[in-house]
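Undergrad: Sharing data-v3.tsv (TSV, C-alpha atoms) below.
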```tsv
chain	number	residue	atom	x	y	z
A	347	MET	CA	148.49	54.40	-176.75
A	348	THR	CA	145.52	54.19	-174.49
A	349	PHE	CA	145.62	53.34	-170.80
A	350	CYS	CA	144.62	49.79	-171.68
A	351	GLY	CA	147.79	49.34	-173.68
A	352	TYR	CA	146.07	49.10	-177.06
A	353	LEU	CA	146.52	51.32	-180.11
A	354	PRO	CA	143.28	53.04	-181.09
A	355	TYR	CA	141.93	52.00	-184.49
A	356	ALA	CA	142.04	54.98	-186.81
A	357	GLY	CA	140.25	53.46	-189.81
A	358	PRO	CA	136.74	54.38	-190.89
A	359	PRO	CA	133.87	52.82	-188.95
A	360	ILE	CA	132.24	49.77	-190.47
A	361	VAL	CA	128.46	49.90	-190.68
A	362	VAL	CA	126.52	46.68	-191.15
A	363	GLU	CA	122.84	46.88	-192.01
A	364	HIS	CA	120.32	44.52	-190.34
A	365	GLU	CA	116.58	44.29	-190.83
A	366	ILE	CA	115.06	44.33	-187.35
A	367	SER	CA	111.37	44.69	-186.69
A	368	LEU	CA	110.24	45.45	-183.14
A	369	LYS	CA	106.60	45.35	-182.17
A	370	PHE	CA	105.59	46.60	-178.72
A	371	THR	CA	102.02	45.62	-177.90
A	372	SER	CA	100.12	44.80	-174.76
A	373	SER	CA	98.24	41.63	-175.62
A	374	PRO	CA	96.85	39.90	-172.55
A	375	ALA	CA	96.67	36.14	-172.52
A	376	PRO	CA	93.20	34.67	-173.06
A	377	SER	CA	91.14	34.47	-169.91
A	378	GLU	CA	90.82	30.72	-170.16
A	379	VAL	CA	94.60	30.41	-169.80
A	380	TYR	CA	94.46	32.12	-166.41
A	381	ASP	CA	91.33	30.27	-165.34
A	382	ASN	CA	92.97	26.90	-165.95
A	383	ILE	CA	96.13	27.63	-163.94
A	384	ARG	CA	96.55	24.84	-161.43
A	385	THR	CA	96.85	26.11	-157.88
A	386	PRO	CA	100.40	25.39	-156.66
A	387	HIS	CA	101.19	23.39	-153.53
A	388	VAL	CA	102.49	25.96	-151.07
A	389	PRO	CA	103.60	24.84	-147.58
A	390	ALA	CA	101.62	26.51	-144.80
A	391	SER	CA	103.18	25.85	-141.40
A	392	GLY	CA	104.68	22.66	-142.78
A	393	ILE	CA	101.39	21.31	-144.17
A	394	PRO	CA	101.09	21.04	-147.96
A	395	ILE	CA	97.64	22.36	-148.75
A	396	GLU	CA	96.28	23.42	-152.12
A	397	ILE	CA	96.23	27.18	-151.55
A	398	PRO	CA	97.20	29.99	-153.92
A	399	ASP	CA	100.48	31.83	-153.55
A	400	ILE	CA	98.91	35.04	-152.25
A	401	ASP	CA	102.08	37.09	-152.51
A	402	LEU	CA	102.77	36.00	-156.10
A	403	LEU	CA	99.19	36.61	-157.26
A	404	SER	CA	99.09	39.99	-155.50
A	405	LYS	CA	102.21	41.05	-157.41
A	406	CYS	CA	100.75	39.77	-160.66
A	407	THR	CA	97.74	42.06	-160.24
A	408	LEU	CA	100.12	45.06	-160.18
A	409	VAL	CA	102.00	44.22	-163.39
A	410	CYS	CA	99.53	45.89	-165.74
A	411	LYS	CA	95.83	46.38	-166.34
A	412	ALA	CA	95.73	43.31	-168.57
A	413	TRP	CA	96.91	41.11	-165.69
A	414	SER	CA	95.04	42.82	-162.87
A	415	LEU	CA	91.60	41.30	-163.30
A	416	HIS	CA	92.89	37.78	-163.99
A	417	GLY	CA	95.10	37.89	-160.89
A	418	GLN	CA	92.24	39.16	-158.75
A	419	LYS	CA	89.98	36.38	-160.00
A	420	LEU	CA	92.50	33.80	-158.82
A	421	LEU	CA	92.89	35.59	-155.49
A	422	PHE	CA	89.15	35.63	-154.93
A	423	ARG	CA	88.64	31.92	-155.57
A	424	ARG	CA	89.30	31.21	-151.88
A	425	VAL	CA	88.42	33.90	-149.36
A	426	ARG	CA	88.62	34.18	-145.56
A	427	LEU	CA	86.31	36.29	-143.43
A	428	ARG	CA	87.28	36.62	-139.76
A	429	SER	CA	85.90	40.04	-138.81
A	430	HIS	CA	83.26	42.59	-139.70
A	431	LEU	CA	85.98	44.79	-141.21
A	432	ALA	CA	86.96	41.96	-143.57
A	433	PHE	CA	83.29	41.55	-144.50
A	434	VAL	CA	82.96	45.26	-145.37
A	435	SER	CA	86.07	45.10	-147.56
A	436	PHE	CA	84.86	41.92	-149.25
A	437	THR	CA	81.35	43.22	-150.03
A	438	HIS	CA	82.83	46.44	-151.44
A	439	ALA	CA	85.09	44.44	-153.79
A	440	THR	CA	82.29	42.07	-154.86
A	441	ASN	CA	79.57	44.66	-155.36
A	442	ARG	CA	77.38	43.08	-158.03
A	443	SER	CA	76.09	46.45	-159.20
A	444	CYS	CA	79.32	46.97	-161.18
A	445	PRO	CA	80.90	44.64	-163.79
A	446	ARG	CA	84.17	44.10	-161.92
A	447	GLY	CA	82.32	43.28	-158.70
A	448	ARG	CA	80.19	40.69	-160.50
A	449	ILE	CA	83.30	39.07	-161.99
A	450	LEU	CA	85.01	38.82	-158.59
A	451	SER	CA	81.92	37.54	-156.76
A	452	ASP	CA	81.43	34.92	-159.48
A	453	ALA	CA	85.05	33.82	-158.98
A	454	VAL	CA	84.55	32.81	-155.31
A	455	ILE	CA	84.21	29.03	-154.96
A	456	GLN	CA	85.48	28.42	-151.39
A	457	MET	CA	84.91	30.50	-148.28
A	458	ARG	CA	86.31	30.16	-144.78
A	459	ALA	CA	84.53	32.17	-142.09
A	460	VAL	CA	84.91	32.51	-138.33
A	461	LEU	CA	82.08	33.49	-135.96
A	462	ASP	CA	83.97	34.31	-132.78
A	463	TYR	CA	81.57	36.10	-130.46
A	464	ASN	CA	84.31	36.55	-127.88
A	465	GLN	CA	86.22	38.98	-130.11
A	466	PRO	CA	85.43	42.67	-130.65
A	467	GLY	CA	84.35	43.52	-134.18
A	468	CYS	CA	83.60	39.89	-134.97
A	469	LEU	CA	81.81	38.63	-138.04
A	470	ASN	CA	78.13	38.09	-137.25
A	471	GLN	CA	75.57	35.70	-138.69
A	472	SER	CA	73.74	38.21	-140.87
A	473	SER	CA	76.99	39.43	-142.43
A	474	LEU	CA	78.02	35.84	-143.13
A	475	ALA	CA	74.69	35.18	-144.83
A	476	VAL	CA	75.05	38.28	-147.01
A	477	ALA	CA	78.59	37.30	-148.02
A	478	VAL	CA	77.53	33.75	-148.93
A	479	ALA	CA	74.47	34.91	-150.86
A	480	ASN	CA	76.68	37.30	-152.83
A	481	CYS	CA	78.75	34.45	-154.33
A	482	PRO	CA	76.61	32.41	-156.77
A	483	ASN	CA	79.35	29.89	-157.60
A	484	LEU	CA	80.38	29.15	-154.02
A	485	TYR	CA	80.31	25.40	-153.35
A	486	GLU	CA	82.42	24.89	-150.19
A	487	LEU	CA	81.92	26.65	-146.86
A	488	ASP	CA	84.32	26.19	-143.94
A	489	LEU	CA	82.69	27.70	-140.85
A	490	ALA	CA	84.06	27.87	-137.30
A	491	GLN	CA	81.88	29.02	-134.42
A	492	TYR	CA	83.16	30.07	-130.99
A	493	GLY	CA	81.08	30.94	-127.95
A	494	CYS	CA	81.48	34.00	-125.76
A	495	VAL	CA	81.84	34.67	-122.05
A	496	ALA	CA	81.30	37.75	-119.90
A	497	PRO	CA	84.03	40.42	-120.10
A	498	GLY	CA	86.98	39.52	-117.93
A	499	LYS	CA	85.90	35.90	-117.57
A	500	ASP	CA	87.87	34.51	-120.51
A	501	VAL	CA	90.92	32.43	-119.64
A	502	VAL	CA	93.63	32.25	-122.29
A	503	GLY	CA	94.78	28.69	-122.86
A	504	SER	CA	91.82	27.13	-121.08
A	505	PRO	CA	91.12	23.45	-121.88
A	506	ALA	CA	88.96	22.65	-124.88
A	507	GLN	CA	86.12	21.30	-122.74
A	508	GLU	CA	85.88	24.61	-120.87
A	509	ARG	CA	85.95	26.62	-124.08
A	510	MET	CA	83.11	24.54	-125.47
A	511	ARG	CA	80.85	25.45	-122.55
A	512	ARG	CA	80.63	29.01	-123.84
A	513	PRO	CA	77.20	29.87	-125.27
A	514	ALA	CA	76.70	30.92	-128.89
A	515	PRO	CA	73.46	32.17	-130.47
A	516	SER	CA	71.51	30.07	-132.90
A	517	PHE	CA	71.02	31.31	-136.45
A	518	ASP	CA	68.07	33.69	-136.82
A	519	LYS	CA	65.37	33.15	-139.43
A	520	HIS	CA	66.54	36.04	-141.64
A	521	SER	CA	70.09	34.68	-141.87
A	522	LEU	CA	68.83	31.17	-142.60
A	523	ALA	CA	66.57	32.52	-145.34
A	524	LEU	CA	69.50	34.35	-146.95
A	525	LEU	CA	71.69	31.25	-146.78
A	526	GLY	CA	68.93	29.11	-148.28
A	527	ALA	CA	68.40	31.55	-151.15
A	528	GLY	CA	72.12	31.67	-151.89
A	529	PRO	CA	74.43	29.33	-153.79
A	530	ARG	CA	74.17	25.56	-153.95
A	531	ILE	CA	76.62	24.49	-151.23
A	532	THR	CA	77.88	20.93	-151.72
A	533	ALA	CA	80.65	20.79	-149.08
A	534	LEU	CA	80.26	22.02	-145.48
A	535	ASN	CA	83.02	21.95	-142.85
A	536	PHE	CA	81.57	23.04	-139.52
A	537	SER	CA	83.74	23.43	-136.40
A	538	ASN	CA	81.60	24.15	-133.36
A	539	TRP	CA	83.52	25.30	-130.28
A	540	SER	CA	80.51	26.33	-128.23
A	541	GLU	CA	77.81	24.63	-126.19
A	542	ASN	CA	75.20	25.26	-128.91
A	543	ASN	CA	74.61	21.78	-130.34
A	544	GLN	CA	71.73	22.85	-132.57
A	545	SER	CA	73.56	25.20	-134.95
A	546	VAL	CA	74.66	22.40	-137.25
A	547	LEU	CA	71.10	21.06	-137.46
A	548	GLN	CA	69.97	24.50	-138.63
A	549	LEU	CA	72.63	24.56	-141.34
A	550	LEU	CA	71.86	21.04	-142.48
A	551	GLU	CA	68.26	22.06	-143.14
A	552	VAL	CA	69.39	24.96	-145.33
A	553	TRP	CA	71.33	23.07	-148.00
A	554	PRO	CA	69.70	19.93	-149.46
A	555	SER	CA	72.54	19.89	-152.00
A	556	LEU	CA	75.25	18.77	-149.54
A	557	ARG	CA	77.51	15.92	-150.64
A	558	SER	CA	80.43	16.35	-148.24
A	559	LEU	CA	80.13	17.03	-144.50
A	560	SER	CA	82.81	17.52	-141.86
A	561	LEU	CA	81.88	18.03	-138.19
A	562	THR	CA	84.36	19.08	-135.50
A	563	GLY	CA	83.96	19.99	-131.84
A	564	THR	CA	80.59	19.73	-130.11
A	565	SER	CA	78.58	16.66	-131.09
A	566	PRO	CA	75.15	17.37	-132.59
A	567	VAL	CA	72.20	16.10	-130.55
A	568	LEU	CA	68.69	15.07	-131.54
A	569	PHE	CA	66.39	15.95	-128.67
A	570	PRO	CA	64.11	13.10	-127.57
A	571	GLY	CA	60.45	13.71	-128.22
A	572	VAL	CA	61.15	16.12	-131.08
A	573	THR	CA	60.20	15.07	-134.62
A	574	TYR	CA	62.91	15.94	-137.12
A	575	PRO	CA	62.20	15.92	-140.86
A	576	PRO	CA	64.24	13.33	-142.78
A	577	PHE	CA	67.65	14.60	-143.82
A	578	PRO	CA	67.36	14.90	-147.62
A	579	CYS	CA	71.05	14.77	-148.59
A	580	ALA	CA	72.80	11.70	-149.99
A	581	LEU	CA	76.30	12.28	-148.64
A	582	GLU	CA	79.42	11.01	-150.38
A	583	GLU	CA	81.94	12.10	-147.74
A	584	LEU	CA	81.65	12.16	-143.94
A	585	ARG	CA	84.43	13.36	-141.62
A	586	LEU	CA	84.00	13.42	-137.84
A	587	ASN	CA	86.23	14.84	-135.11
A	588	CYS	CA	83.78	15.41	-132.28
A	589	GLN	CA	84.71	15.72	-128.61
A	590	ARG	CA	82.14	13.07	-127.81
A	591	GLU	CA	81.19	10.22	-130.10
A	592	PRO	CA	78.01	11.08	-132.00
A	593	ALA	CA	74.99	9.02	-131.05
A	594	LYS	CA	73.81	6.31	-133.41
A	595	GLU	CA	70.42	8.02	-133.52
A	596	PHE	CA	71.96	11.14	-135.01
A	597	LEU	CA	74.10	9.21	-137.52
A	598	GLY	CA	71.13	7.09	-138.51
A	599	TRP	CA	69.12	10.26	-139.18
A	600	LEU	CA	72.04	11.92	-140.99
A	601	LEU	CA	72.88	8.96	-143.24
A	602	HIS	CA	69.43	7.55	-143.90
A	603	ARG	CA	69.26	8.84	-147.48
A	604	SER	CA	72.90	7.90	-148.06
A	605	ALA	CA	72.15	4.30	-147.08
A	606	GLU	CA	69.13	4.18	-149.38
A	607	GLU	CA	71.06	5.47	-152.39
A	608	LYS	CA	74.34	3.76	-151.43
A	609	SER	CA	76.15	7.05	-152.00
A	610	LEU	CA	78.65	7.22	-149.12
A	611	ARG	CA	82.22	6.75	-150.39
A	612	VAL	CA	84.46	8.28	-147.69
A	613	ILE	CA	84.42	7.88	-143.89
A	614	ASP	CA	87.16	9.72	-142.01
A	615	LEU	CA	87.10	9.42	-138.20
A	616	GLU	CA	89.89	11.45	-136.60
A	617	ARG	CA	89.09	10.08	-133.12
A	618	GLN	CA	89.12	6.37	-132.38
A	619	PRO	CA	85.54	5.11	-132.72
A	620	SER	CA	84.03	2.48	-130.50
A	621	PRO	CA	83.73	-0.96	-132.12
A	622	GLU	CA	79.95	-0.54	-131.99
A	623	LEU	CA	80.02	2.74	-133.91
A	624	LEU	CA	82.38	1.47	-136.62
A	625	ASP	CA	80.33	-1.71	-136.98
A	626	PHE	CA	77.19	0.42	-137.34
A	627	LEU	CA	78.73	2.51	-140.13
A	628	VAL	CA	80.23	-0.44	-141.99
A	629	GLU	CA	77.00	-2.43	-141.80
A	630	LYS	CA	75.10	0.39	-143.47
A	631	HIS	CA	77.72	1.66	-145.92
A	632	GLY	CA	80.62	-0.82	-146.15
A	633	GLU	CA	79.43	-2.23	-149.46
A	634	THR	CA	80.13	0.98	-151.40
A	635	LEU	CA	82.85	2.55	-149.22
A	636	HIS	CA	86.00	3.61	-151.11
A	637	SER	CA	88.00	5.27	-148.32
A	638	LEU	CA	88.19	4.50	-144.60
A	639	ALA	CA	90.39	6.29	-142.08
A	640	ILE	CA	90.56	5.80	-138.31
A	641	PRO	CA	93.45	6.30	-135.85
A	642	SER	CA	94.05	2.60	-135.16
A	643	PHE	CA	93.13	-0.89	-136.36
A	644	ALA	CA	94.87	-2.59	-133.43
A	645	MET	CA	91.65	-4.13	-132.06
A	646	HIS	CA	90.33	-7.15	-133.92
A	647	GLU	CA	86.84	-5.63	-133.98
A	648	HIS	CA	88.08	-2.63	-135.93
A	649	ALA	CA	90.16	-4.80	-138.28
A	650	HIS	CA	87.24	-7.12	-139.05
A	651	ALA	CA	84.98	-4.13	-139.71
A	652	ALA	CA	87.47	-2.84	-142.31
A	653	MET	CA	87.73	-6.30	-143.88
A	654	ARG	CA	84.00	-6.16	-144.65
A	655	CYS	CA	84.55	-3.16	-146.96
A	656	ARG	CA	85.24	-5.02	-150.18
A	657	SER	CA	85.39	-1.95	-152.47
A	658	LEU	CA	88.07	-0.04	-150.57
A	659	ARG	CA	90.52	2.02	-152.59
A	660	GLU	CA	92.15	3.75	-149.65
A	661	LEU	CA	92.83	2.69	-146.06
A	662	ARG	CA	94.52	5.04	-143.62
A	663	THR	CA	95.56	4.60	-140.01
A	664	GLU	CA	97.97	6.66	-137.96
A	665	SER	CA	98.87	4.00	-135.44
A	666	SER	CA	102.11	2.04	-135.78
A	667	TRP	CA	100.35	-1.18	-134.81
A	668	SER	CA	97.54	-2.82	-136.75
A	669	SER	CA	96.19	-6.33	-136.75
A	670	PRO	CA	98.13	-8.24	-139.46
A	671	VAL	CA	94.94	-9.91	-140.65
A	672	ILE	CA	93.73	-6.62	-142.16
A	673	CYS	CA	96.54	-6.63	-144.75
A	674	ARG	CA	96.07	-10.29	-145.63
A	675	GLN	CA	92.38	-9.69	-146.34
A	676	MET	CA	92.74	-6.39	-148.16
A	677	PRO	CA	90.51	-6.23	-151.27
A	678	GLU	CA	92.02	-6.27	-154.76
A	679	THR	CA	90.70	-2.74	-155.36
A	680	ILE	CA	93.08	-1.09	-152.86
A	681	GLN	CA	95.03	1.84	-154.35
A	682	HIS	CA	96.45	3.70	-151.36
A	683	LEU	CA	97.60	2.42	-147.98
A	684	ALA	CA	98.74	4.75	-145.19
A	685	PHE	CA	100.03	3.69	-141.77
A	686	GLY	CA	102.38	4.62	-138.94
A	687	LEU	CA	105.77	2.97	-138.50
A	688	ASP	CA	108.02	2.41	-135.51
A	689	LEU	CA	110.48	-0.34	-134.58
A	690	ASP	CA	107.66	-2.68	-133.40
A	691	THR	CA	105.50	-2.45	-136.53
A	692	LEU	CA	104.89	-5.72	-138.40
A	693	LEU	CA	105.99	-4.89	-141.94
A	694	ASN	CA	105.93	-8.34	-143.53
A	695	PRO	CA	102.13	-8.37	-144.12
A	696	ILE	CA	102.39	-4.93	-145.73
A	697	ILE	CA	105.29	-6.02	-147.95
A	698	ASP	CA	103.26	-9.05	-149.06
A	699	LEU	CA	100.34	-6.74	-149.83
A	700	VAL	CA	102.56	-4.56	-152.04
A	701	LYS	CA	103.69	-7.63	-153.94
A	702	THR	CA	100.20	-9.02	-154.54
A	703	ARG	CA	97.87	-6.03	-155.22
A	704	ASP	CA	98.08	-4.93	-158.84
A	705	ASP	CA	95.95	-1.79	-158.38
A	706	LEU	CA	98.08	-0.40	-155.55
A	707	GLN	CA	99.45	3.02	-156.50
A	708	ALA	CA	100.89	4.53	-153.32
A	709	VAL	CA	102.00	3.69	-149.79
A	710	THR	CA	102.29	6.52	-147.27
A	711	VAL	CA	104.29	5.94	-144.08
A	712	ASN	CA	104.34	8.24	-141.08
A	713	LEU	CA	107.58	7.63	-139.17
A	714	TRP	CA	107.10	7.56	-135.42
A	715	ARG	CA	110.15	7.83	-133.15
A	716	ASP	CA	112.82	5.45	-134.59
A	717	GLY	CA	110.67	4.17	-137.46
A	718	HIS	CA	113.36	5.05	-140.00
A	719	ARG	CA	115.56	2.37	-138.37
A	720	HIS	CA	113.10	-0.46	-138.89
A	721	PRO	CA	115.06	-3.50	-140.16
A	722	HIS	CA	112.48	-4.24	-142.90
A	723	LEU	CA	112.02	-0.69	-144.19
A	724	ALA	CA	114.58	-1.32	-146.93
A	725	SER	CA	112.60	-4.40	-148.03
A	726	LEU	CA	109.45	-2.28	-148.26
A	727	GLN	CA	111.31	0.29	-150.35
A	728	MET	CA	112.58	-2.41	-152.71
A	729	ALA	CA	109.13	-3.99	-153.06
A	730	CYS	CA	107.55	-0.62	-153.87
A	731	ALA	CA	110.27	0.22	-156.38
A	732	TYR	CA	109.94	-3.17	-158.11
A	733	ARG	CA	106.13	-2.89	-158.33
A	734	GLY	CA	106.14	0.77	-159.37
A	735	VAL	CA	104.35	1.86	-156.19
A	736	ASP	CA	104.94	5.40	-154.94
A	737	LEU	CA	106.38	5.19	-151.40
A	738	ARG	CA	106.04	8.42	-149.44
A	739	LEU	CA	107.68	8.91	-146.05
A	740	THR	CA	106.78	11.71	-143.65
A	741	ARG	CA	107.13	12.65	-140.00
A	742	ASP	CA	104.13	15.01	-140.00
A	743	VAL	CA	100.86	13.22	-139.33
A	744	ARG	CA	98.92	16.22	-140.62
A	745	ARG	CA	100.75	15.98	-143.93
A	746	MET	CA	99.98	12.29	-144.01
A	747	ARG	CA	96.26	13.09	-143.86
A	748	MET	CA	96.60	15.28	-146.93
A	749	LEU	CA	98.22	12.64	-149.15
A	750	VAL	CA	95.30	10.96	-150.85
A	751	VAL	CA	95.34	9.05	-154.11
A	752	SER	CA	91.66	8.20	-154.46
A	753	LYS	CA	89.70	10.22	-156.98
A	754	LYS	CA	87.77	13.32	-156.06
A	755	PRO	CA	84.03	12.94	-155.49
A	756	SER	CA	81.89	13.55	-158.53
A	757	PHE	CA	80.44	16.78	-157.13
A	758	LEU	CA	83.93	18.36	-157.05
A	759	LEU	CA	84.90	17.40	-160.60
```
As structure tokens, what does this structure read like?

TA:
Amino acid sequence: MTFCGYLPYAGPPIVVEHEISLKFTSSPAPSEVYDNIRTPHVPASGIPIEIPDIDLLSKCTLVCKAWSLHGQKLLFRRVRLRSHLAFVSFTHATNRSCPRGRILSDAVIQMRAVLDYNQPGCLNQSSLAVAVANCPNLYELDLAQYGCVAPGKDVVGSPAQERMRRPAPSFDKHSLALLGAGPRITALNFSNWSENNQSVLQLLEVWPSLRSLSLTGTSPVLFPGVTYPPFPCALEELRLNCQREPAKEFLGWLLHRSAEEKSLRVIDLERQPSPELLDFLVEKHGETLHSLAIPSFAMHEHAHAAMRCRSLRELRTESSWSSPVICRQMPETIQHLAFGLDLDTLLNPIIDLVKTRDDLQAVTVNLWRDGHRHPHLASLQMACAYRGVDLRLTRDVRRMRMLVVSKKPSFLL
């Protein structure tokens, strides 16, 4: 008897024949399968942004040779350049003199670059121009520019206004020529944290193909007495977050072609505009505007300006208080409504809007303070559920800005 307490079987072994065919081959998936993988939503510091899972894709490139190139192509779709060292590494990987380098440089569609002249080994303008010119399919450029101060004069944590007084050089002719000869940029996000208010004007002259423009930091200025050529771009999206409100003269120059072709669809103002500025924008572009976002519609002037936009599909405000008349006069085309909520918010007009707008698809609510205890929040939830409207609740205002239902502009499709 064995130690398990069982008698060993002494009979002859039984052999059963099976027909098994094993085939070990390395057959990579077609390239179009990898190219059509949808980029997952990966939280970055609590903000859901469409960015690739870098760690996952990096591991995929190490699985085998068949996966390596496809994984690298996905990794290179969105690149970041913050230093000269990063530029050297990037240009080595995207060397167009070899087949693999051409494939990777063709894969780049979005680039984020930082020109921080206050840092040692920073990325400079000429290197940026070379990197951009090396990517023929690049369509979106996110560029941040920081000024510099004398050694030992920098103060960590200094207020934004003081940081913006730092000088930064303008783009030289060689860099501008390289940028102009490069890819057809359609989306430009420019954050200017220096006192140079002419850099953005230089970039706007380079790309007549722009359709989306986002300006942050120092407000651009048109010098009096200087003749500027007409801005040739018909913008579809305009986002502003400037320290000082841009002058009407600059916006009139910037949006002249857009007004002629009635092309502007999105206006996103992250700082509360003056009633005069909002009225100016709505008068010129309200007829064709699909999306409008400002911090607050509490003032009647702002509410009435929004009411004049009769083709709106999306309206977003971060304030918990808005004039109730804006909901009562909302156009039938509205698809997405986003607002802030606290205990003092008037929810009845919004509930009535949910019940009466057939095209409404989503309602996004940013909960301020005790907003989750609002006595009518349950009624809003029931109305959305009954009408099949997606109700999304969040406590992160930055996440709220990312939740958009309206369709992408045609130039990004």

Undergrad: Choose the residue, out of A:Lys608, A:Asp614, A:Ser666, A:Ser545, that has the smallest atom-to-atom separation from Ser558 of chain A; count only C-alpha atoms.

TA: A:Asp614

Undergrad: Between A:Ile697, A:Met746, A:Leu597, A:Ile640, which residue has the minimum interatomic distance to Val567 of chain A, considering all atoms listed in the file?

TA: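 Looking at the shortest contact to Val567 of chain A, the residue is A:Leu597.
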
Undergrad: Which residues are near Thr437 of chain A? Cut-off 12 Å, all atoms listed in the file, ignore same chain within fewer than 2 positions. Put them as a tab-separated table (two decimals) with C-alpha atoms, keeping the file's coordinate frame.

TA:
```
chain	number	residue	atom	x	y	z
A	422	PHE	CA	89.15	35.63	-154.93
A	425	VAL	CA	88.42	33.90	-149.36
A	427	LEU	CA	86.31	36.29	-143.43
A	430	HIS	CA	83.26	42.59	-139.70
A	431	LEU	CA	85.98	44.79	-141.21
A	432	ALA	CA	86.96	41.96	-143.57
A	433	PHE	CA	83.29	41.55	-144.50
A	434	VAL	CA	82.96	45.26	-145.37
A	435	SER	CA	86.07	45.10	-147.56
A	439	ALA	CA	85.09	44.44	-153.79
A	440	THR	CA	82.29	42.07	-154.86
A	441	ASN	CA	79.57	44.66	-155.36
A	442	ARG	CA	77.38	43.08	-158.03
A	443	SER	CA	76.09	46.45	-159.20
A	444	CYS	CA	79.32	46.97	-161.18
A	447	GLY	CA	82.32	43.28	-158.70
A	448	ARG	CA	80.19	40.69	-160.50
A	450	LEU	CA	85.01	38.82	-158.59
A	451	SER	CA	81.92	37.54	-156.76
A	473	SER	CA	76.99	39.43	-142.43
A	474	LEU	CA	78.02	35.84	-143.13
A	475	ALA	CA	74.69	35.18	-144.83
A	476	VAL	CA	75.05	38.28	-147.01
A	477	ALA	CA	78.59	37.30	-148.02
A	478	VAL	CA	77.53	33.75	-148.93
A	479	ALA	CA	74.47	34.91	-150.86
A	480	ASN	CA	76.68	37.30	-152.83
A	481	CYS	CA	78.75	34.45	-154.33
```

Undergrad: Suppose you want the space between atom CA of Gly717 of chain A and atom CA of Arg659 of chain A; what is it in Å?

TA: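 Between atom CA of Gly717 of chain A and atom CA of Arg659 of chain A the gap is 25.3 Å.
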
Undergrad: Using all atoms listed in the file, which of the listed residues (A:Arg719, A:His682, A:Arg428, A:Lys630) sits closest to Gln465 of chain A?

TA: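 Comparing A:Arg719, A:His682, A:Arg428, A:Lys630 against Gln465 of chain A, the winner is A:Arg428.
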